[in-house]
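Participant: Just dropping this structure here.
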Amino acid sequence: MPTHEIRRAYKRPAISDQQKRRELSLLRQQQNRFDAQSHARRLASTLLSFNQPPSSSSSSSEPHCISEEHDEGDEGDEDVYEEDNDDDQLQNGTQLNQIKDVRQASKLRGQESRRWFARQLMLPEWMIDVPDCLTLDWFVLARPAGKRCFVVSINGTTVSRQRNGSVLHYFPSALPSGARTRENSGSAQSYCILDCIFHEMDQTYYVIDILCWRGYSLYDCNADFRFFWLNSKLSESGACKPPSHYHKYRFSPVPVYNCDQSGLLSAYTEKVPYVKDGLLFYNKHAHYQSGNTPLTLVWKDEKCSQYVIDTDSAGKVPSKQQVVLELQSDGKVTTSDDPPVVFGCLDQEFLLKSGLSPGNLLRFSISDGGLTFVDGKLEKADLQYQDKPNRARAFADSYSKAISI
Amino acid sequence: MSMDITSFLLAAQSPDSKIRTEAEASLKQFQEQNPSAFLLALSVELSNDGKPMESRRLAGIVLKNSLDAKDASRKEHLVQQWVAIDASVKSQIKESLFRTLRSSTQEAWHTSAQVIAKIASIEIPRKEWPDLIGSLLSNMTLPESPASLKQSTLETLGYVCEETSHEELEQNEVNAILTAVVQGMNLAQHSAEIRLAATKALYNALAFAQTNFENEMERSYIMKVTCETATSQEVEIRQAAYECLVAIASMYYEVLEPYMQTLFELTSKAVKEDEEVVALQAIEFWSSICDEEIEIQESFSDQSEPPHSRFIEKALQFLVPMLLETLLKQEEDQDQDDSIWNLSMAGGTCLGLVARTVGDDIVPLVMPFVEANISSPEWRRREAATYAFGSILEGPSVEKLSPLVHAGLDFLLKAMNDQNNHVKDTTAWALSRIFELLHCPASGFSVITATNLQPILGVLLESIKDTPHVAEKICGAIYYLAQGFEDDGTNSSNLTPYLPQIISSLIGAADRTDGADSKLRSAAYETLNEVVRCANAVETVQIIEHLLHAIMNKLSQSFDLPIDKEKQGDLQALLCGVLQVIIQKLNVDKTKHIILQIADQVMILFLKIFACRSSTVHEEAMLAIGALAYATGPEFGKYMPEFYKYLEMGLQNFEEYQVCSITVGVVGDICRALDDKILPYCDGIMSLLLKDLSSGDLHRSVKPPIFSCFGDIALAIGAQFEKYLSYAIPMLQSASQVCAQMDTNDDEIMEYGNLLRRSIFEAYSGILQGLKDAKPELLVPHAKHLLQFLEFVVRDKQRDESVTKAAIAVLGDLADALGQNAKILFKDCSFYVEFIHECLESGDEQLKDTALWTQGMIGHVIVS
């Protein structure tokens, strides 16, 4: 055997571009196959391509950070400007309801995009009675006070959206795909979606749930599993580190306890680095589902929340408790539950005079008659129309919120 | 058999084609009617000294070809045919062959030795020729054996060792062979022919000598005899002895210490004084030592490390000057002739290996030589100095090299104007080495700065017009220069402003017609590919779009060029390669529209290429079409009616299995592009894929892609895959069986085994996910087999990482698709618990995430 055959590389760079092309093709096909199968596994069923802010397309390597901060009171009362046209809200409302896949949603732009995202958060009901097996089947955590957000990191940017779908911040973060750095580049598949509360005082995003991590969907996983994943992944990513050039805001997990006596006590009394706003209860077996769910509950009292009762925009407690309801085409006013609970019905004459149209949200105060229940069901509510609430509001109150007042 | 085989064998070599064809037909008929009699007749013919040499020669060739073939399935057929022959006929054939070893005609016994080895390779593993070694050895020991018989016997022993795996022989047989061989080398009374045959036999027997090399006495004896043989009078014997020493250096590195002093003296003397063929082997000895030491240094295995004897480090002071001397022995035309291998080339190659072995220590030993010679009036000295400089660039640290390279770069750039072509060629090569090894902005170091980039490119783009072999090396330099500026997605590239010039120079080089062969053209286009891959995606859209149109023009003109079909095919292959790279480059959101605009035109060109070729499809065009399908997505559907027939041709191309394999990959691309719109073509595709799998002629490397492709199809057409299930599942199951029976000690087989396992899992994943929504119950009967196969694979601790990834995913798919139907299966086994745990511990994020998902899926099934 002529041994020099293996030494043939003499003065020849070892380039075989054909072999390289073959290998790159195989790699691409392998990646495409993996993506296709992952998609089938619904691991990537929430592929998003966001409407990026204009600055992101410039070649500047400076991480961009746009802040659209606004004053607001308690959750749901965000004071954010939104150019809503009330008529097409209803039209599109039905269309938007049909969009189940975030990939389709990603084609939405501007206000439609905001409306769609507004529907994605899981909304707790108010704890009216104590569920069975609370100690075994539930978690409890002390809810941080602040803006509830849907945080998405993708393609080198992180976007936080508030309950009504409007953007709170565009910023770079250490979340996977959350900033344009070399080590964090990753594929378009490795985006994350977190359910957070932005705590103004220490400028921190407290993560209260995880929906997607590195492209893997956790919607279909139970809470037990989601919290486990959240705790193991978040700190690994470096997102809990103090802010830096490529990491504008700190993220932090929230201590989660089993709902036994000591857990409840810890959540209720233990000191945390944030201002508490009630307790959140998660059913361990429940999947993440958008909208109101009785499998997540919220409890507030003076001890664990400074927002036990609604305040108005000036921070004053209104003399009467208020409720926000949605006007239906038949004049009924309902809660945001599915199915909606009817609180009352406005008469035609009033409707004509006031110029209100279906889909509008209306604020009522509850008069002296209060709420009357028969067999545990609401029978009558003594409502007094006040005004239209802030235009940024996306939802009516839920039944559980209305009656816990 | 009354047939006169001699006359047929002679007639089969007649210049008259009619006679020849008839004779061949008769021989074939004979062979088919009675294979054993045919082989016997051939062996008798070969053994008969009274027959003409021409008929004996052909008899020998036909005999050899009746026992062995390159093609694996054909070979298996021949083996079975031999095994089936009646035992008494077989022993008659062997007798004839042994008789031939005594023939006075060297050509006859030489052929017979090879045929005996072929039979041995079939029978020794089956233990069907127990007395072979004994019979051969008795030829050596019988006092009346003539010298020619000893020679033919030693040659036979050598061939037998070459054809047989060393586990197949008993140790006492090995001992006896080695004794006979070493004695044959040693005894002074033996003729040169016998000693040469013995030395060559030793070369083949070395792989059997593991036990003997562990024993110091036996080892020392073998080494002593080999070293003595290396100083024989006959140059051919010295060469053979050095070939043995080279083989020993690779196989028995760890026991060489006591002999190194002797070996160093022997080899230095040979390099300086001996004939070139011997000196080349002496240098090769040191190159092999370097290979071993580099391998030891590069292996990070935590198993007991093989000993590192640092032979190169110890010999460095003497070795390097010896090698530098060889560099001055260049031949005038060595850069233009690929068949040349001379002392300066071997010495230069060895010097590069020494640099990789010892790192920084080589620099002070080589630089004085470089400095003393690089400005010499003699071109040999300038070239040798430049080569020496280029060859130590890999191995030493960047810190050590960077001052030297910074200082030397200008000199080298000027040297591109040297009057001598060799010097220019080597200078261009040295520049390409510098850019390959010392130009990596991503790691923070590069000899190329914002200020010197322009002068560097000035020289390169001027020199690319030099003679073809210099221009080819310049392409290599541009290749690595571009590679260093690889798009990192953030920074603007310094190369962008020069890109139009670089591209037009490369195309200019590719268009040249003064090269003797097409090497410059392919180097230019391949460099162009790397330039495109590394270009900054944001800044160069227009440049690349412009190039895209230029290449499409070239492709459409290529059909009318006055060149032969083969050259035309080569050119079109290169152009398709560039198109493939461009399509892949532009296939991102912002630039996809460019591909969509030209998709129709480029597809027409590809189809035209296919139409030019009668049976074979064009591999490069196929690869480019895969990239196009991925880019266009569902739009690709409109090309299918026209393209489908070529897809079929590709899937049927057994001979060029690469084409077949690539076509299978393209089917996958099309599945993902078209989703269920591929349905009308699936009957055809599936039947071809199934036919491929059941064919014995298909190269096995195509099988894994076919299984993966099943998964792609199932995922695309969902429940429609139902009708193929009864064909696909048994194929998957029998492939699983094949995996289970593989020899896990054979690395090459296991490499294939890992590909096969992964592809089986990918197939199941696609099928499970494809049928999940509509008809998951169809898969219930097959779940158990899959789980058992998974368990088997999981228990193999040496499984490949890619297999692990596919396995953990398909485990989750099984739970996901079958849901409650899988509950009992999962409750019945437990292997997956540990397996999931293992994956969760992995450092690979993707694997961990998939494992968590799988854990969730199985948990879901079991708990609910």
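Order determines the names: the first chain of the structure tokens is A, the second B, and so forth; residues in each chain are numbered 1 upward, and ligands are numbered 1 upward as they are shown.
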Extract, using only C-alpha atoms, all DNA, RNA and protein residues at most 10 Å from region 480-487 of chain B, discarding same-chain residues fewer than 6 positions from it, and format them as an mmCIF file with all heavy atoms, in the first residue's frame.
Facilitator:
data_model
loop_
_atom_site.group_PDB
_atom_site.id
_atom_site.type_symbol
_atom_site.label_atom_id
_atom_site.label_comp_id
_atom_site.auth_asym_id
_atom_site.auth_seq_id
_atom_site.Cartn_x
_atom_site.Cartn_y
_atom_site.Cartn_z
ATOM 1 N N PRO A 13 -4.888 22.974 0.445
ATOM 2 C CA PRO A 13 -5.829 23.170 1.547
ATOM 3 C C PRO A 13 -6.911 22.097 1.475
ATOM 4 O O PRO A 13 -7.340 21.723 0.382
ATOM 5 C CB PRO A 13 -6.408 24.563 1.297
ATOM 6 C CG PRO A 13 -6.089 24.900 -0.116
ATOM 7 C CD PRO A 13 -4.957 24.027 -0.554
ATOM 8 N N ILE A 15 -9.927 21.507 1.288
ATOM 9 C CA ILE A 15 -11.273 22.000 1.023
ATOM 10 C C ILE A 15 -11.975 21.013 0.108
ATOM 11 O O ILE A 15 -11.490 20.718 -0.968
ATOM 12 C CB ILE A 15 -11.232 23.355 0.284
ATOM 13 C CG1 ILE A 15 -10.421 24.360 1.083
ATOM 14 C CG2 ILE A 15 -12.630 23.863 0.023
ATOM 15 C CD1 ILE A 15 -10.138 25.634 0.315
ATOM 16 N N LEU B 431 0.331 31.957 2.488
ATOM 17 C CA LEU B 431 -0.673 32.982 2.808
ATOM 18 C C LEU B 431 -1.999 32.334 3.186
ATOM 19 O O LEU B 431 -2.649 32.733 4.144
ATOM 20 C CB LEU B 431 -0.873 33.921 1.607
ATOM 21 C CG LEU B 431 0.260 34.934 1.355
ATOM 22 C CD1 LEU B 431 0.061 35.635 0.014
ATOM 23 C CD2 LEU B 431 0.337 35.956 2.487
ATOM 24 N N SER B 432 -2.387 31.307 2.440
ATOM 25 C CA SER B 432 -3.667 30.673 2.761
ATOM 26 C C SER B 432 -3.605 30.008 4.138
ATOM 27 O O SER B 432 -4.567 30.018 4.887
ATOM 28 C CB SER B 432 -4.101 29.686 1.672
ATOM 29 O OG SER B 432 -3.434 28.461 1.810
ATOM 30 N N ARG B 433 -2.435 29.459 4.490
ATOM 31 C CA ARG B 433 -2.270 28.887 5.842
ATOM 32 C C ARG B 433 -2.387 29.980 6.904
ATOM 33 O O ARG B 433 -2.991 29.762 7.960
ATOM 34 C CB ARG B 433 -0.887 28.222 5.964
ATOM 35 C CG ARG B 433 -0.705 26.998 5.095
ATOM 36 C CD ARG B 433 -0.980 25.739 5.836
ATOM 37 N NE ARG B 433 0.013 25.471 6.880
ATOM 38 C CZ ARG B 433 -0.065 24.434 7.704
ATOM 39 N NH1 ARG B 433 -1.070 23.583 7.596
ATOM 40 N NH2 ARG B 433 0.837 24.246 8.634
ATOM 41 N N ILE B 434 -1.780 31.137 6.637
ATOM 42 C CA ILE B 434 -1.854 32.233 7.607
ATOM 43 C C ILE B 434 -3.310 32.637 7.828
ATOM 44 O O ILE B 434 -3.763 32.786 8.955
ATOM 45 C CB ILE B 434 -1.021 33.442 7.120
ATOM 46 C CG1 ILE B 434 0.472 33.110 7.218
ATOM 47 C CG2 ILE B 434 -1.337 34.692 7.934
ATOM 48 C CD1 ILE B 434 1.382 34.166 6.623
ATOM 49 N N PHE B 435 -4.056 32.765 6.725
ATOM 50 C CA PHE B 435 -5.452 33.190 6.872
ATOM 51 C C PHE B 435 -6.289 32.093 7.525
ATOM 52 O O PHE B 435 -7.230 32.365 8.248
ATOM 53 C CB PHE B 435 -6.059 33.579 5.509
ATOM 54 C CG PHE B 435 -5.306 34.699 4.836
ATOM 55 C CD1 PHE B 435 -5.250 34.800 3.460
ATOM 56 C CD2 PHE B 435 -4.642 35.652 5.597
ATOM 57 C CE1 PHE B 435 -4.549 35.822 2.847
ATOM 58 C CE2 PHE B 435 -3.935 36.676 4.997
ATOM 59 C CZ PHE B 435 -3.880 36.762 3.619
ATOM 60 N N GLU B 436 -5.919 30.854 7.256
ATOM 61 C CA GLU B 436 -6.675 29.749 7.859
ATOM 62 C C GLU B 436 -6.454 29.717 9.368
ATOM 63 O O GLU B 436 -7.380 29.489 10.144
ATOM 64 C CB GLU B 436 -6.231 28.412 7.237
ATOM 65 C CG GLU B 436 -6.942 27.214 7.857
ATOM 66 C CD GLU B 436 -6.391 25.887 7.363
ATOM 67 O OE1 GLU B 436 -5.471 25.889 6.523
ATOM 68 O OE2 GLU B 436 -6.873 24.840 7.818
ATOM 69 N N LEU B 437 -5.188 29.931 9.775
ATOM 70 C CA LEU B 437 -4.847 29.655 11.169
ATOM 71 C C LEU B 437 -4.715 30.889 12.042
ATOM 72 O O LEU B 437 -4.838 30.810 13.249
ATOM 73 C CB LEU B 437 -3.532 28.862 11.203
ATOM 74 C CG LEU B 437 -3.623 27.512 10.487
ATOM 75 C CD1 LEU B 437 -2.238 26.992 10.136
ATOM 76 C CD2 LEU B 437 -4.370 26.503 11.347
ATOM 77 N N LEU B 438 -4.453 32.046 11.438
ATOM 78 C CA LEU B 438 -4.172 33.230 12.257
ATOM 79 C C LEU B 438 -5.071 34.395 11.895
ATOM 80 O O LEU B 438 -4.698 35.548 12.023
ATOM 81 C CB LEU B 438 -2.700 33.617 12.106
ATOM 82 C CG LEU B 438 -1.733 32.563 12.663
ATOM 83 C CD1 LEU B 438 -0.364 32.684 12.044
ATOM 84 C CD2 LEU B 438 -1.655 32.668 14.175
ATOM 85 N N HIS B 439 -6.253 34.072 11.409
ATOM 86 C CA HIS B 439 -7.199 35.127 11.054
ATOM 87 C C HIS B 439 -8.564 34.681 11.547
ATOM 88 O O HIS B 439 -9.308 34.009 10.861
ATOM 89 C CB HIS B 439 -7.182 35.325 9.525
ATOM 90 C CG HIS B 439 -8.368 36.057 8.989
ATOM 91 N ND1 HIS B 439 -8.823 37.247 9.512
ATOM 92 C CD2 HIS B 439 -9.206 35.766 7.952
ATOM 93 C CE1 HIS B 439 -9.883 37.636 8.823
ATOM 94 N NE2 HIS B 439 -10.132 36.770 7.893
ATOM 95 N N CYS B 440 -8.820 35.015 12.786
ATOM 96 C CA CYS B 440 -10.081 34.586 13.393
ATOM 97 C C CYS B 440 -10.601 35.713 14.274
ATOM 98 O O CYS B 440 -10.460 35.675 15.496
ATOM 99 C CB CYS B 440 -9.849 33.305 14.190
ATOM 100 S SG CYS B 440 -11.356 32.671 14.905
ATOM 101 N N PRO B 441 -11.177 36.752 13.656
ATOM 102 C CA PRO B 441 -11.647 37.900 14.441
ATOM 103 C C PRO B 441 -12.597 37.477 15.567
ATOM 104 O O PRO B 441 -12.607 38.097 16.622
ATOM 105 C CB PRO B 441 -12.382 38.751 13.403
ATOM 106 C CG PRO B 441 -11.820 38.343 12.083
ATOM 107 C CD PRO B 441 -11.447 36.908 12.221
ATOM 108 N N ALA B 442 -13.368 36.411 15.332
ATOM 109 C CA ALA B 442 -14.329 35.993 16.347
ATOM 110 C C ALA B 442 -13.624 35.614 17.643
ATOM 111 O O ALA B 442 -14.163 35.792 18.729
ATOM 112 C CB ALA B 442 -15.167 34.831 15.830
ATOM 113 N N SER B 443 -12.406 35.075 17.543
ATOM 114 C CA SER B 443 -11.697 34.676 18.758
ATOM 115 C C SER B 443 -10.817 35.815 19.267
ATOM 116 O O SER B 443 -10.098 35.667 20.233
ATOM 117 C CB SER B 443 -10.835 33.449 18.483
ATOM 118 O OG SER B 443 -9.663 33.839 17.789
ATOM 119 N N SER B 446 -6.469 38.419 14.755
ATOM 120 C CA SER B 446 -6.340 38.299 13.319
ATOM 121 C C SER B 446 -5.126 39.093 12.857
ATOM 122 O O SER B 446 -4.855 40.175 13.357
ATOM 123 C CB SER B 446 -7.589 38.828 12.624
ATOM 124 O OG SER B 446 -7.361 38.835 11.227
ATOM 125 N N ILE B 448 -5.123 40.197 10.010
ATOM 126 C CA ILE B 448 -5.692 41.151 9.061
ATOM 127 C C ILE B 448 -6.342 42.294 9.832
ATOM 128 O O ILE B 448 -7.147 42.066 10.725
ATOM 129 C CB ILE B 448 -6.712 40.455 8.151
ATOM 130 C CG1 ILE B 448 -5.999 39.368 7.361
ATOM 131 C CG2 ILE B 448 -7.361 41.470 7.213
ATOM 132 C CD1 ILE B 448 -6.898 38.549 6.488
ATOM 133 N N LEU B 453 -5.988 45.173 5.109
ATOM 134 C CA LEU B 453 -6.905 44.368 4.286
ATOM 135 C C LEU B 453 -6.817 44.774 2.812
ATOM 136 O O LEU B 453 -6.746 43.921 1.923
ATOM 137 C CB LEU B 453 -8.336 44.501 4.806
ATOM 138 C CG LEU B 453 -9.408 43.742 4.026
ATOM 139 C CD1 LEU B 453 -9.100 42.249 3.972
ATOM 140 C CD2 LEU B 453 -10.792 43.958 4.632
ATOM 141 N N ILE B 456 -3.591 43.569 1.096
ATOM 142 C CA ILE B 456 -3.632 42.107 0.966
ATOM 143 C C ILE B 456 -4.501 41.715 -0.227
ATOM 144 O O ILE B 456 -4.111 40.937 -1.102
ATOM 145 C CB ILE B 456 -4.168 41.448 2.258
ATOM 146 C CG1 ILE B 456 -3.136 41.558 3.371
ATOM 147 C CG2 ILE B 456 -4.524 39.989 2.006
ATOM 148 C CD1 ILE B 456 -3.642 41.112 4.729
ATOM 149 N N LEU B 457 -5.726 42.304 -0.259
ATOM 150 C CA LEU B 457 -6.628 41.948 -1.352
ATOM 151 C C LEU B 457 -6.061 42.393 -2.690
ATOM 152 O O LEU B 457 -6.240 41.726 -3.707
ATOM 153 C CB LEU B 457 -8.003 42.568 -1.104
ATOM 154 C CG LEU B 457 -8.860 41.755 -0.127
ATOM 155 C CD1 LEU B 457 -10.084 42.542 0.292
ATOM 156 C CD2 LEU B 457 -9.268 40.417 -0.745
ATOM 157 N N SER B 493 -19.276 43.888 8.203
ATOM 158 C CA SER B 493 -18.077 43.174 7.803
ATOM 159 C C SER B 493 -17.127 44.091 7.042
ATOM 160 O O SER B 493 -17.537 44.806 6.133
ATOM 161 C CB SER B 493 -18.450 41.983 6.920
ATOM 162 O OG SER B 493 -17.287 41.458 6.330
ATOM 163 N N ASN B 494 -15.837 44.012 7.423
ATOM 164 C CA ASN B 494 -14.826 44.802 6.724
ATOM 165 C C ASN B 494 -14.685 44.381 5.267
ATOM 166 O O ASN B 494 -14.129 45.098 4.447
ATOM 167 C CB ASN B 494 -13.459 44.636 7.399
ATOM 168 C CG ASN B 494 -13.400 45.397 8.708
ATOM 169 O OD1 ASN B 494 -14.186 46.321 8.917
ATOM 170 N ND2 ASN B 494 -12.498 45.007 9.586
ATOM 171 N N LEU B 495 -15.149 43.169 4.982
ATOM 172 C CA LEU B 495 -14.939 42.633 3.648
ATOM 173 C C LEU B 495 -15.976 43.155 2.653
ATOM 174 O O LEU B 495 -15.756 43.145 1.446
ATOM 175 C CB LEU B 495 -15.000 41.097 3.719
ATOM 176 C CG LEU B 495 -14.291 40.326 2.614
ATOM 177 C CD1 LEU B 495 -12.822 40.688 2.559
ATOM 178 C CD2 LEU B 495 -14.456 38.821 2.840
ATOM 179 N N THR B 496 -17.121 43.613 3.191
ATOM 180 C CA THR B 496 -18.229 43.996 2.313
ATOM 181 C C THR B 496 -17.823 44.934 1.167
ATOM 182 O O THR B 496 -18.193 44.672 0.022
ATOM 183 C CB THR B 496 -19.376 44.609 3.136
ATOM 184 O OG1 THR B 496 -19.751 43.656 4.130
ATOM 185 C CG2 THR B 496 -20.565 44.947 2.272
ATOM 186 N N LEU B 499 -16.322 43.070 -1.747
ATOM 187 C CA LEU B 499 -16.987 41.864 -2.229
ATOM 188 C C LEU B 499 -17.224 41.837 -3.742
ATOM 189 O O LEU B 499 -16.968 40.824 -4.388
ATOM 190 C CB LEU B 499 -18.295 41.665 -1.462
ATOM 191 C CG LEU B 499 -18.563 40.238 -1.016
ATOM 192 C CD1 LEU B 499 -17.376 39.660 -0.266
ATOM 193 C CD2 LEU B 499 -19.803 40.172 -0.163
ATOM 194 N N ILE B 502 -13.968 40.949 -5.388
ATOM 195 C CA ILE B 502 -13.570 39.563 -5.121
ATOM 196 C C ILE B 502 -14.387 38.616 -5.991
ATOM 197 O O ILE B 502 -13.863 37.710 -6.633
ATOM 198 C CB ILE B 502 -13.776 39.221 -3.627
ATOM 199 C CG1 ILE B 502 -12.818 40.042 -2.764
ATOM 200 C CG2 ILE B 502 -13.576 37.727 -3.376
ATOM 201 C CD1 ILE B 502 -13.044 39.904 -1.267
ATOM 202 N N THR B 527 -14.535 28.540 -3.795
ATOM 203 C CA THR B 527 -14.209 29.712 -2.981
ATOM 204 C C THR B 527 -15.357 30.709 -3.017
ATOM 205 O O THR B 527 -15.727 31.293 -1.999
ATOM 206 C CB THR B 527 -12.905 30.353 -3.492
ATOM 207 O OG1 THR B 527 -11.866 29.378 -3.408
ATOM 208 C CG2 THR B 527 -12.536 31.562 -2.674
ATOM 209 N N LEU B 528 -15.942 30.862 -4.193
ATOM 210 C CA LEU B 528 -17.099 31.746 -4.327
ATOM 211 C C LEU B 528 -18.209 31.328 -3.349
ATOM 212 O O LEU B 528 -18.844 32.154 -2.703
ATOM 213 C CB LEU B 528 -17.601 31.689 -5.778
ATOM 214 C CG LEU B 528 -18.674 32.685 -6.192
ATOM 215 C CD1 LEU B 528 -18.198 34.108 -5.982
ATOM 216 C CD2 LEU B 528 -19.052 32.470 -7.651
ATOM 217 N N GLU B 530 -17.880 29.851 -0.458
ATOM 218 C CA GLU B 530 -17.551 30.232 0.910
ATOM 219 C C GLU B 530 -17.707 31.749 1.088
ATOM 220 O O GLU B 530 -18.169 32.207 2.130
ATOM 221 C CB GLU B 530 -16.118 29.782 1.256
ATOM 222 C CG GLU B 530 -15.743 29.928 2.720
ATOM 223 C CD GLU B 530 -16.486 28.973 3.644
ATOM 224 O OE1 GLU B 530 -17.268 28.133 3.145
ATOM 225 O OE2 GLU B 530 -16.289 29.066 4.866
ATOM 226 N N VAL B 531 -17.342 32.497 0.052
ATOM 227 C CA VAL B 531 -17.496 33.952 0.113
ATOM 228 C C VAL B 531 -18.976 34.305 0.320
ATOM 229 O O VAL B 531 -19.320 35.154 1.145
ATOM 230 C CB VAL B 531 -16.945 34.603 -1.178
ATOM 231 C CG1 VAL B 531 -17.374 36.051 -1.276
ATOM 232 C CG2 VAL B 531 -15.424 34.498 -1.216
ATOM 233 N N VAL B 532 -19.848 33.613 -0.390
ATOM 234 C CA VAL B 532 -21.286 33.879 -0.242
ATOM 235 C C VAL B 532 -21.762 33.478 1.149
ATOM 236 O O VAL B 532 -22.460 34.223 1.824
ATOM 237 C CB VAL B 532 -22.095 33.116 -1.321
ATOM 238 C CG1 VAL B 532 -23.582 33.193 -1.029
ATOM 239 C CG2 VAL B 532 -21.794 33.677 -2.699
ATOM 240 N N ARG B 533 -21.354 32.289 1.601
ATOM 241 C CA ARG B 533 -21.804 31.820 2.918
ATOM 242 C C ARG B 533 -21.414 32.794 4.024
ATOM 243 O O ARG B 533 -22.154 33.000 4.971
ATOM 244 C CB ARG B 533 -21.169 30.466 3.248
ATOM 245 C CG ARG B 533 -21.862 29.305 2.612
ATOM 246 C CD ARG B 533 -21.348 28.007 3.240
ATOM 247 N NE ARG B 533 -21.463 26.938 2.284
ATOM 248 C CZ ARG B 533 -20.453 26.423 1.604
ATOM 249 N NH1 ARG B 533 -19.227 26.842 1.820
ATOM 250 N NH2 ARG B 533 -20.650 25.477 0.728
ATOM 251 N N CYS B 534 -20.210 33.372 3.900
ATOM 252 C CA CYS B 534 -19.689 34.191 4.992
ATOM 253 C C CYS B 534 -20.057 35.659 4.859
ATOM 254 O O CYS B 534 -19.774 36.441 5.760
ATOM 255 C CB CYS B 534 -18.167 34.048 5.064
ATOM 256 S SG CYS B 534 -17.669 32.365 5.407
ATOM 257 N N ALA B 535 -20.656 36.046 3.738
ATOM 258 C CA ALA B 535 -20.950 37.462 3.527
ATOM 259 C C ALA B 535 -21.953 37.954 4.558
ATOM 260 O O ALA B 535 -22.832 37.207 4.997
ATOM 261 C CB ALA B 535 -21.505 37.665 2.121
ATOM 262 N N ASN B 536 -21.813 39.210 4.930
ATOM 263 C CA ASN B 536 -22.753 39.804 5.871
ATOM 264 C C ASN B 536 -24.134 39.891 5.225
ATOM 265 O O ASN B 536 -24.336 40.568 4.222
ATOM 266 C CB ASN B 536 -22.258 41.200 6.259
ATOM 267 C CG ASN B 536 -23.166 41.850 7.275
ATOM 268 O OD1 ASN B 536 -24.324 42.116 6.992
ATOM 269 N ND2 ASN B 536 -22.648 42.091 8.461
ATOM 270 N N ALA B 537 -25.092 39.207 5.815
ATOM 271 C CA ALA B 537 -26.385 39.030 5.159
ATOM 272 C C ALA B 537 -27.109 40.347 4.934
ATOM 273 O O ALA B 537 -27.796 40.524 3.933
ATOM 274 C CB ALA B 537 -27.253 38.080 5.982
ATOM 275 N N VAL B 538 -26.940 41.272 5.857
ATOM 276 C CA VAL B 538 -27.686 42.524 5.749
ATOM 277 C C VAL B 538 -27.084 43.430 4.667
ATOM 278 O O VAL B 538 -27.792 44.036 3.873
ATOM 279 C CB VAL B 538 -27.693 43.261 7.107
ATOM 280 C CG1 VAL B 538 -28.417 44.597 6.988
ATOM 281 C CG2 VAL B 538 -28.342 42.385 8.173
#
Participant: Can you check which residues of chain B have any atom within 7 Å of chain A? Use only C-alpha atoms and format it as a PyMOL selection string.
Facilitator: chain B and resi 345+349+429+476+490+526+669+766+769+856
Participant: Which neighbours of region 565-578 of chain B fall inside 6 Å, counting only C-alpha atoms, when residues of the same chain fewer than 6 positions from it are skipped, and could you give them as a PDB file with N, CA and C atoms, in the first residue's frame?
Facilitator:
ATOM      1  N   ASN B 529     -18.402  30.004  -3.227  1.00  0.00           N
ATOM      2  CA  ASN B 529     -19.418  29.512  -2.299  1.00  0.00           C
ATOM      3  C   ASN B 529     -19.151  29.970  -0.871  1.00  0.00           C
ATOM      4  N   GLU B 620     -25.793  17.626  -7.996  1.00  0.00           N
ATOM      5  CA  GLU B 620     -25.763  19.022  -7.544  1.00  0.00           C
ATOM      6  C   GLU B 620     -27.095  19.723  -7.812  1.00  0.00           C
ATOM      7  N   ALA B 621     -27.700  19.421  -8.966  1.00  0.00           N
ATOM      8  CA  ALA B 621     -28.989  20.036  -9.272  1.00  0.00           C
ATOM      9  C   ALA B 621     -30.024  19.563  -8.257  1.00  0.00           C
TER      10      ALA B 621
END
